[in-house]
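**Q** You'll find structure.cif just under this line, and it carries mmCIF, C-alpha atoms and all ligand atoms.
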data_coords
loop_
_atom_site.label_atom_id
_atom_site.label_comp_id
_atom_site.auth_asym_id
_atom_site.auth_seq_id
_atom_site.Cartn_x
_atom_site.Cartn_y
_atom_site.Cartn_z
CA MET A 7 43.18 -43.49 3.96
CA SER A 8 42.80 -44.47 7.60
CA ILE A 9 39.64 -43.50 9.49
CA LYS A 10 40.37 -41.84 12.83
CA VAL A 11 37.69 -42.39 15.45
CA ALA A 12 37.60 -40.35 18.65
CA ALA A 13 35.76 -42.36 21.32
CA PHE A 14 34.13 -41.07 24.49
CA SER A 15 32.88 -42.89 27.58
CA GLY A 16 30.17 -41.19 29.62
CA SER A 17 31.27 -42.86 32.85
CA LEU A 18 34.21 -41.90 35.06
CA ARG A 19 33.87 -45.00 37.25
CA LYS A 20 37.04 -47.08 37.43
CA GLU A 21 35.20 -50.35 36.73
CA SER A 22 32.76 -48.75 34.29
CA TYR A 23 31.05 -51.16 31.88
CA THR A 24 30.70 -48.27 29.44
CA THR A 25 34.46 -47.74 29.35
CA LYS A 26 35.02 -51.50 29.08
CA LEU A 27 32.69 -51.46 26.08
CA VAL A 28 34.75 -48.70 24.43
CA LYS A 29 37.88 -50.74 25.12
CA ALA A 30 36.21 -53.73 23.46
CA PHE A 31 35.62 -51.54 20.39
CA ALA A 32 39.31 -50.55 20.53
CA ALA A 33 40.37 -54.19 20.73
CA GLN A 34 38.30 -54.98 17.62
CA THR A 35 39.47 -51.99 15.56
CA PRO A 36 39.54 -53.19 11.94
CA ALA A 37 42.40 -52.58 9.51
CA GLY A 38 42.16 -49.09 8.06
CA ALA A 39 40.78 -47.53 11.22
CA GLU A 40 42.18 -46.21 14.49
CA LEU A 41 40.40 -45.47 17.76
CA GLU A 42 41.45 -43.15 20.56
CA LEU A 43 39.58 -43.05 23.87
CA VAL A 44 39.49 -39.35 24.70
CA GLU A 45 39.65 -38.45 28.40
CA ILE A 46 36.84 -36.12 29.50
CA GLY A 47 36.93 -36.44 33.29
CA GLY A 48 39.27 -33.45 33.65
CA LEU A 49 37.03 -30.95 31.86
CA PRO A 50 35.61 -28.16 34.02
CA LEU A 51 31.84 -28.01 34.33
CA ILE A 52 30.42 -26.00 31.46
CA ASN A 53 30.64 -22.31 32.29
CA GLN A 54 30.36 -19.54 29.71
CA ASP A 55 32.57 -17.29 31.82
CA LEU A 56 35.48 -19.55 30.80
CA GLU A 57 34.87 -19.07 27.09
CA GLN A 58 36.91 -15.86 26.85
CA ASN A 59 39.98 -17.86 27.74
CA LEU A 60 39.26 -21.50 26.92
CA PRO A 61 40.86 -23.90 29.42
CA ALA A 62 43.65 -26.09 27.99
CA SER A 63 41.57 -29.24 28.58
CA VAL A 64 38.73 -27.81 26.48
CA GLN A 65 41.11 -26.77 23.70
CA ALA A 66 42.59 -30.29 23.71
CA LEU A 67 39.09 -31.80 23.50
CA LYS A 68 38.13 -29.55 20.59
CA ALA A 69 41.38 -30.37 18.75
CA LYS A 70 40.80 -34.12 19.10
CA VAL A 71 37.23 -33.86 17.88
CA ALA A 72 38.23 -31.65 14.95
CA ALA A 73 40.95 -34.11 13.91
CA ALA A 74 38.61 -37.13 14.03
CA ASP A 75 36.87 -38.52 10.96
CA ALA A 76 34.16 -40.12 13.10
CA ILE A 77 33.00 -40.23 16.70
CA LEU A 78 31.99 -43.09 19.01
CA LEU A 79 29.80 -42.01 21.93
CA ALA A 80 29.32 -44.61 24.66
CA THR A 81 27.02 -43.84 27.54
CA PRO A 82 25.55 -45.41 30.63
CA GLU A 83 21.88 -44.75 31.33
CA TYR A 84 21.20 -42.29 34.14
CA ASN A 85 17.54 -41.83 34.99
CA ARG A 86 16.53 -42.86 31.48
CA SER A 87 18.91 -40.37 29.91
CA TYR A 88 22.61 -40.22 29.05
CA SER A 89 25.24 -39.07 31.51
CA PRO A 90 26.08 -35.48 32.47
CA VAL A 91 29.76 -36.33 32.01
CA LEU A 92 29.10 -36.87 28.33
CA LYS A 93 26.78 -33.86 28.08
CA ASN A 94 29.50 -31.68 29.56
CA ALA A 95 31.96 -32.82 26.88
CA LEU A 96 29.37 -32.36 24.12
CA ASP A 97 28.57 -28.87 25.40
CA TRP A 98 32.20 -27.80 25.62
CA GLY A 99 32.94 -29.17 22.15
CA SER A 100 30.09 -27.05 20.78
CA ARG A 101 31.44 -23.77 22.21
CA PRO A 102 32.16 -20.88 21.80
CA GLY A 103 29.09 -20.13 19.67
CA GLY A 104 29.82 -20.64 15.98
CA GLN A 105 32.78 -22.94 16.69
CA ASN A 106 31.02 -26.29 17.01
CA SER A 107 33.79 -28.89 16.73
CA TRP A 108 31.23 -31.73 16.36
CA ASN A 109 29.73 -30.21 13.22
CA ASP A 110 29.26 -32.63 10.31
CA LYS A 111 30.86 -35.63 12.10
CA PRO A 112 29.52 -39.13 11.59
CA VAL A 113 28.81 -40.73 14.96
CA ALA A 114 27.97 -44.16 16.38
CA ILE A 115 26.02 -44.20 19.63
CA VAL A 116 26.27 -47.17 21.99
CA SER A 117 24.77 -47.47 25.45
CA CYS A 118 24.86 -50.04 28.20
CA THR A 119 23.27 -51.07 31.46
CA PRO A 120 23.89 -53.88 33.93
CA TYR A 121 20.11 -54.44 33.99
CA THR A 122 17.87 -56.11 31.46
CA LEU A 123 15.73 -53.04 30.87
CA GLY A 124 17.66 -49.88 30.10
CA ALA A 125 20.15 -48.20 27.75
CA PHE A 126 17.47 -47.37 25.14
CA GLY A 127 16.44 -44.11 26.89
CA ALA A 128 20.05 -42.94 27.14
CA ALA A 129 20.79 -43.53 23.47
CA HIS A 130 17.66 -41.82 22.25
CA HIS A 131 18.10 -38.68 24.34
CA LEU A 132 21.60 -38.52 22.91
CA ARG A 133 20.23 -38.83 19.38
CA GLN A 134 18.13 -35.74 19.99
CA VAL A 135 21.25 -33.69 20.79
CA MET A 136 22.94 -34.94 17.60
CA VAL A 137 20.35 -32.98 15.62
CA PHE A 138 21.34 -29.61 17.04
CA LEU A 139 25.07 -30.38 16.87
CA ASN A 140 24.60 -31.28 13.19
CA MET A 141 26.20 -34.69 13.66
CA HIS A 142 25.26 -37.68 11.52
CA PRO A 143 24.32 -40.66 13.69
CA LEU A 144 24.57 -44.15 12.31
CA GLN A 145 21.01 -45.51 12.33
CA GLN A 146 21.72 -49.23 12.10
CA PRO A 147 22.78 -51.36 13.78
CA GLU A 148 21.31 -49.96 16.99
CA PHE A 149 23.53 -50.85 19.93
CA TYR A 150 22.11 -51.31 23.42
CA LEU A 151 24.11 -53.61 25.70
CA GLY A 152 21.95 -55.07 28.48
CA GLY A 153 23.20 -57.31 31.29
CA ALA A 154 26.62 -55.66 31.01
CA ALA A 155 27.78 -56.99 34.37
CA ASP A 156 27.89 -60.53 32.94
CA LYS A 157 29.66 -59.65 29.71
CA PHE A 158 33.20 -58.88 30.90
CA ASP A 159 35.79 -60.96 32.76
CA ALA A 160 37.76 -59.94 35.86
CA ASP A 161 40.30 -58.14 33.66
CA GLY A 162 37.57 -56.11 31.96
CA LYS A 163 37.76 -58.06 28.70
CA LEU A 164 34.57 -58.69 26.77
CA THR A 165 33.61 -62.36 26.91
CA ASP A 166 30.24 -62.33 25.15
CA GLU A 167 30.30 -63.67 21.58
CA MET A 168 27.10 -61.91 20.50
CA THR A 169 28.50 -58.56 21.62
CA HIS A 170 31.79 -59.23 19.82
CA LYS A 171 29.77 -59.80 16.66
CA LYS A 172 27.70 -56.67 17.23
CA ILE A 173 30.87 -54.61 17.66
CA ASP A 174 32.24 -55.94 14.35
CA GLU A 175 28.96 -55.06 12.64
CA THR A 176 28.97 -51.57 14.15
CA TRP A 177 32.56 -50.97 13.10
CA ALA A 178 31.79 -52.03 9.52
CA ALA A 179 28.70 -49.82 9.39
CA LEU A 180 30.49 -46.80 10.87
CA ILE A 181 33.35 -47.08 8.37
CA ALA A 182 30.94 -47.42 5.44
CA TRP A 183 28.89 -44.46 6.75
CA THR A 184 32.01 -42.30 7.17
CA GLU A 185 33.23 -43.12 3.65
CA ARG A 186 29.81 -42.40 2.21
CA LEU A 187 29.68 -39.00 3.89
CA ARG A 188 33.20 -38.21 2.62
CA GLN A 189 31.97 -38.59 -0.95
CA LYS A 190 29.46 -35.77 -0.52
C1 LIG B 201 21.84 -45.33 37.22
N1 LIG B 201 21.61 -46.59 36.67
C2 LIG B 201 20.59 -46.77 35.74
N2 LIG B 201 20.52 -47.89 34.95
C3 LIG B 201 19.58 -48.02 33.99
O1 LIG B 201 19.55 -49.00 33.28
N3 LIG B 201 18.65 -47.03 33.81
C4 LIG B 201 18.64 -45.89 34.55
O2 LIG B 201 17.81 -45.03 34.32
C5 LIG B 201 19.63 -45.73 35.55
N4 LIG B 201 19.70 -44.61 36.31
C6 LIG B 201 20.85 -44.32 37.05
C7 LIG B 201 21.06 -43.05 37.59
C8 LIG B 201 22.26 -42.77 38.21
C9 LIG B 201 22.48 -41.37 38.73
C10 LIG B 201 23.24 -43.76 38.38
C11 LIG B 201 24.55 -43.44 39.08
C12 LIG B 201 23.04 -45.02 37.90
C13 LIG B 201 22.53 -47.69 36.94
C14 LIG B 201 23.66 -47.72 35.94
O3 LIG B 201 23.23 -48.34 34.76
C15 LIG B 201 24.86 -48.51 36.51
O4 LIG B 201 25.33 -47.90 37.69
C16 LIG B 201 25.97 -48.66 35.50
O5 LIG B 201 26.94 -49.54 35.99
C17 LIG B 201 26.60 -47.31 35.16
O6 LIG B 201 27.45 -47.40 34.06
P1 LIG B 201 29.03 -47.65 34.22
O7 LIG B 201 29.55 -46.69 35.26
O8 LIG B 201 29.20 -49.10 34.68
O9 LIG B 201 29.60 -47.42 32.87
#
Spit out the file's structure as structure tokens when you get a sec.
**A**
Amino acid sequence: MSIKVAAFSGSLRKESYTTKLVKAFAAQTPAGAELELVEIGGLPLINQDLEQNLPASVQALKAKVAAADAILLATPEYNRSYSPVLKNALDWGSRPGGQNSWNDKPVAIVSCTPYTLGAFGAAHHLRQVMVFLNMHPLQQPEFYLGGAADKFDADGKLTDEMTHKKIDETWAALIAWTERLRQK
């Protein structure tokens, strides 16, 4: 049975390294898996007043999360945390109360920065939120991409061999983790 992965980028920037990283994961999707990059830029800002009549974009997000076997969360680092764009999507997916679409999903967290120091803070703040959402983060391999500006060509394609290898390892671990959780 194929494993459906819903992937999210925490950056809306056209030339985002984070989105390029998700696309690199998509390009290396192994047999037996599929990856969809879910658009989150059109979601309204979280607002409980909208919960009585959930906006179509929120309903679409929740449907895609519910249909996924596993989640890939990719985030830039903003002030040593993950991005509000991603938080907004996580918050909407968790609402209304008692209807948490993220519940029980295996998840791989990847983060990136164009600098040498960074990405760790973003990923670990995100891990904290996974606890309350009752998601199951992959522990290893950890995935922090530093120096992201030098790892993609002019067309946005990943050129770094080590990162290609890391993506393959992460894919293999996420699939094994998802299958293991299915056997519960
Ligand atoms: C940043 N950036 C940044 N980088 C980092 O390594 N650690 C950090 O704490 C921050 N903080 C931060 C805050 C805000 C508000 C912005 C806009 C940016 C720089 C950031 O890593 C860089 O702009 C990346 O290129 C953003 O990711 P995308 O858009 O390329 O995916």
**Q** May I ask which of the residues A:Leu180, A:Ala30, A:Leu151, A:Met136 is the closest one to Gly124 of chain A, counting all atoms listed in the file?
**A** A:Leu151
**Q** Compare A:Met7, A:Leu139, A:Met168, A:Ala80 by their minimum atom-to-atom distance to Arg188 of chain A, counting only C-alpha atoms, and give me the closest one.
**A**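 Selected residue with least distance to Arg188 of chain A: A:Met7.
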**Q** Using 7 Å as the limit and counting all atoms listed in the file, can you tabulate each residue of chain A that touches ligand LIG 201 (chain B), with its shortest atom-to-atom distance in Å and the two atoms involved, as CSV?
**A**
residue,atom,partner,partner_atom,distance
A:Ser17,CA,B:LIG201,O7,4.8
A:Leu18,CA,B:LIG201,O7,6.7
A:Arg19,CA,B:LIG201,O7,5.0
A:Glu21,CA,B:LIG201,O8,6.5
A:Ser22,CA,B:LIG201,O8,3.6
A:Tyr23,CA,B:LIG201,O8,3.9
A:Thr24,CA,B:LIG201,O9,3.7
A:Thr25,CA,B:LIG201,O9,6.0
A:Thr81,CA,B:LIG201,O9,6.9
A:Pro82,CA,B:LIG201,O6,4.4
A:Glu83,CA,B:LIG201,N3,4.7
A:Tyr84,CA,B:LIG201,N4,3.5
A:Asn85,CA,B:LIG201,O2,3.3
A:Arg86,CA,B:LIG201,O2,3.8
A:Ser87,CA,B:LIG201,O2,6.5
A:Cys118,CA,B:LIG201,O6,6.9
A:Thr119,CA,B:LIG201,O3,4.3
A:Pro120,CA,B:LIG201,O3,5.6
A:Tyr121,CA,B:LIG201,O1,5.5
A:Leu123,CA,B:LIG201,O1,6.1
A:Gly124,CA,B:LIG201,O1,3.8
A:Ala125,CA,B:LIG201,O1,5.6
**Q** If I take atom CA of Ser107 of chain A and atom CA of Ala39 of chain A, how far is one from the other in Å, to one decimal?
**A**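 Result for atom CA of Ser107 of chain A versus atom CA of Ala39 of chain A: 20.7 Å, one decimal.
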**Q** Would you mind reading off the distance between atom CA of Ser63 of chain A and atom CA of Leu49 of chain A, one decimal, in Å?
**A** 5.9 Å
**Q** Considering all atoms listed in the file, state which residue in the set A:Leu51, A:Ala72, A:Leu60, A:Val135 is at the smallest distance from Asn94 of chain A.
**A**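 Distance minimum relative to Asn94 of chain A lands on A:Leu51.
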**Q** Find the residue from A:Val91, A:Phe149, A:Ala155, A:Leu27 that sits nearest to Phe126 of chain A; use all atoms listed in the file when measuring.
**A**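 Residue with the minimum atom-to-atom distance to Phe126 of chain A: A:Phe149.
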**Q** Could you pull segment 166-182 of chain A out of the structure just shown and give all heavy atoms as a compact mmCIF listing (two decimals), in the first residue's frame?
**A**
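Below you can see result27.txt, which holds the result:
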# COMPACT_ATOMS: atom_id res chain seq x y z
N ASP A 166 23.69 19.38 -3.92
CA ASP A 166 24.61 18.90 -2.90
C ASP A 166 24.42 17.40 -2.63
O ASP A 166 23.35 16.97 -2.21
CB ASP A 166 24.37 19.70 -1.60
CG ASP A 166 25.32 19.31 -0.52
OD1 ASP A 166 26.55 19.46 -0.72
OD2 ASP A 166 24.86 18.82 0.53
N GLU A 167 25.47 16.64 -2.88
CA GLU A 167 25.41 15.18 -2.75
C GLU A 167 25.06 14.71 -1.34
O GLU A 167 24.28 13.78 -1.15
CB GLU A 167 26.75 14.55 -3.18
CG GLU A 167 26.77 14.05 -4.60
CD GLU A 167 25.44 13.46 -5.08
OE1 GLU A 167 24.96 12.45 -4.50
OE2 GLU A 167 24.83 14.01 -6.02
N MET A 168 25.68 15.37 -0.34
CA MET A 168 25.42 14.97 1.05
C MET A 168 23.95 15.14 1.40
O MET A 168 23.35 14.32 2.12
CB MET A 168 26.24 15.84 2.01
CG MET A 168 27.71 15.55 1.97
SD MET A 168 28.26 14.73 3.47
CE MET A 168 27.93 15.96 4.72
N THR A 169 23.36 16.23 0.90
CA THR A 169 21.94 16.49 1.20
C THR A 169 21.05 15.48 0.45
O THR A 169 20.05 15.02 1.00
CB THR A 169 21.57 17.95 0.86
OG1 THR A 169 22.52 18.81 1.48
CG2 THR A 169 20.19 18.31 1.36
N HIS A 170 21.43 15.14 -0.77
CA HIS A 170 20.69 14.10 -1.50
C HIS A 170 20.64 12.82 -0.66
O HIS A 170 19.60 12.18 -0.52
CB HIS A 170 21.38 13.77 -2.83
CG HIS A 170 21.00 14.69 -3.95
ND1 HIS A 170 19.71 14.83 -4.40
CD2 HIS A 170 21.75 15.51 -4.73
CE1 HIS A 170 19.67 15.71 -5.39
NE2 HIS A 170 20.90 16.13 -5.61
N LYS A 171 21.79 12.47 -0.11
CA LYS A 171 21.91 11.24 0.68
C LYS A 171 21.05 11.34 1.95
O LYS A 171 20.36 10.40 2.32
CB LYS A 171 23.40 11.04 1.05
CG LYS A 171 23.73 9.66 1.47
CD LYS A 171 25.26 9.45 1.38
CE LYS A 171 25.64 8.25 2.22
NZ LYS A 171 25.96 8.59 3.61
N LYS A 172 21.10 12.50 2.56
CA LYS A 172 20.33 12.73 3.79
C LYS A 172 18.83 12.62 3.51
O LYS A 172 18.06 12.10 4.32
CB LYS A 172 20.68 14.12 4.29
CG LYS A 172 20.27 14.42 5.69
CD LYS A 172 21.27 13.84 6.65
CE LYS A 172 20.68 13.87 8.03
NZ LYS A 172 21.56 14.27 9.05
N ILE A 173 18.41 13.13 2.36
CA ILE A 173 16.99 13.04 1.98
C ILE A 173 16.60 11.57 1.80
O ILE A 173 15.54 11.14 2.28
CB ILE A 173 16.71 13.88 0.71
CG1 ILE A 173 16.83 15.37 1.05
CG2 ILE A 173 15.34 13.55 0.13
CD1 ILE A 173 16.72 16.31 -0.15
N ASP A 174 17.43 10.80 1.13
CA ASP A 174 17.14 9.37 0.95
C ASP A 174 17.02 8.68 2.31
O ASP A 174 16.10 7.88 2.53
CB ASP A 174 18.26 8.68 0.14
CG ASP A 174 18.13 8.97 -1.35
OD1 ASP A 174 17.04 9.36 -1.80
OD2 ASP A 174 19.15 8.80 -2.07
N GLU A 175 17.92 9.01 3.21
CA GLU A 175 17.90 8.39 4.56
C GLU A 175 16.62 8.78 5.30
O GLU A 175 16.00 7.97 5.99
CB GLU A 175 19.10 8.86 5.38
CG GLU A 175 20.42 8.22 4.95
CD GLU A 175 21.63 8.91 5.61
OE1 GLU A 175 21.45 9.73 6.55
OE2 GLU A 175 22.75 8.64 5.16
N THR A 176 16.24 10.05 5.15
CA THR A 176 15.03 10.53 5.86
C THR A 176 13.79 9.87 5.29
O THR A 176 12.89 9.46 6.04
CB THR A 176 14.95 12.07 5.77
OG1 THR A 176 16.16 12.61 6.30
CG2 THR A 176 13.77 12.62 6.55
N TRP A 177 13.74 9.76 3.97
CA TRP A 177 12.61 9.07 3.34
C TRP A 177 12.49 7.63 3.87
O TRP A 177 11.39 7.18 4.26
CB TRP A 177 12.79 9.02 1.82
CG TRP A 177 12.00 10.01 1.03
CD1 TRP A 177 12.51 10.97 0.19
CD2 TRP A 177 10.57 10.14 0.96
NE1 TRP A 177 11.48 11.69 -0.38
CE2 TRP A 177 10.28 11.20 0.07
CE3 TRP A 177 9.51 9.48 1.57
CZ2 TRP A 177 8.98 11.61 -0.23
CZ3 TRP A 177 8.21 9.87 1.28
CH2 TRP A 177 7.96 10.93 0.39
N ALA A 178 13.60 6.93 3.88
CA ALA A 178 13.58 5.52 4.31
C ALA A 178 13.11 5.42 5.76
O ALA A 178 12.30 4.55 6.12
CB ALA A 178 14.97 4.90 4.15
N ALA A 179 13.60 6.33 6.60
CA ALA A 179 13.24 6.29 8.01
C ALA A 179 11.77 6.66 8.21
O ALA A 179 11.07 6.04 9.03
CB ALA A 179 14.14 7.24 8.80
N LEU A 180 11.28 7.63 7.44
CA LEU A 180 9.88 8.04 7.59
C LEU A 180 8.93 6.91 7.16
O LEU A 180 7.91 6.65 7.80
CB LEU A 180 9.60 9.32 6.78
CG LEU A 180 8.16 9.83 6.88
CD1 LEU A 180 7.78 10.21 8.32
CD2 LEU A 180 7.94 11.05 5.96
N ILE A 181 9.29 6.23 6.08
CA ILE A 181 8.45 5.12 5.61
C ILE A 181 8.44 3.99 6.65
O ILE A 181 7.38 3.47 7.01
CB ILE A 181 8.92 4.63 4.23
CG1 ILE A 181 8.55 5.69 3.18
CG2 ILE A 181 8.30 3.27 3.87
CD1 ILE A 181 9.14 5.48 1.82
N ALA A 182 9.61 3.66 7.17
CA ALA A 182 9.69 2.59 8.17
C ALA A 182 8.90 2.99 9.43
O ALA A 182 8.19 2.16 10.02
CB ALA A 182 11.15 2.32 8.53
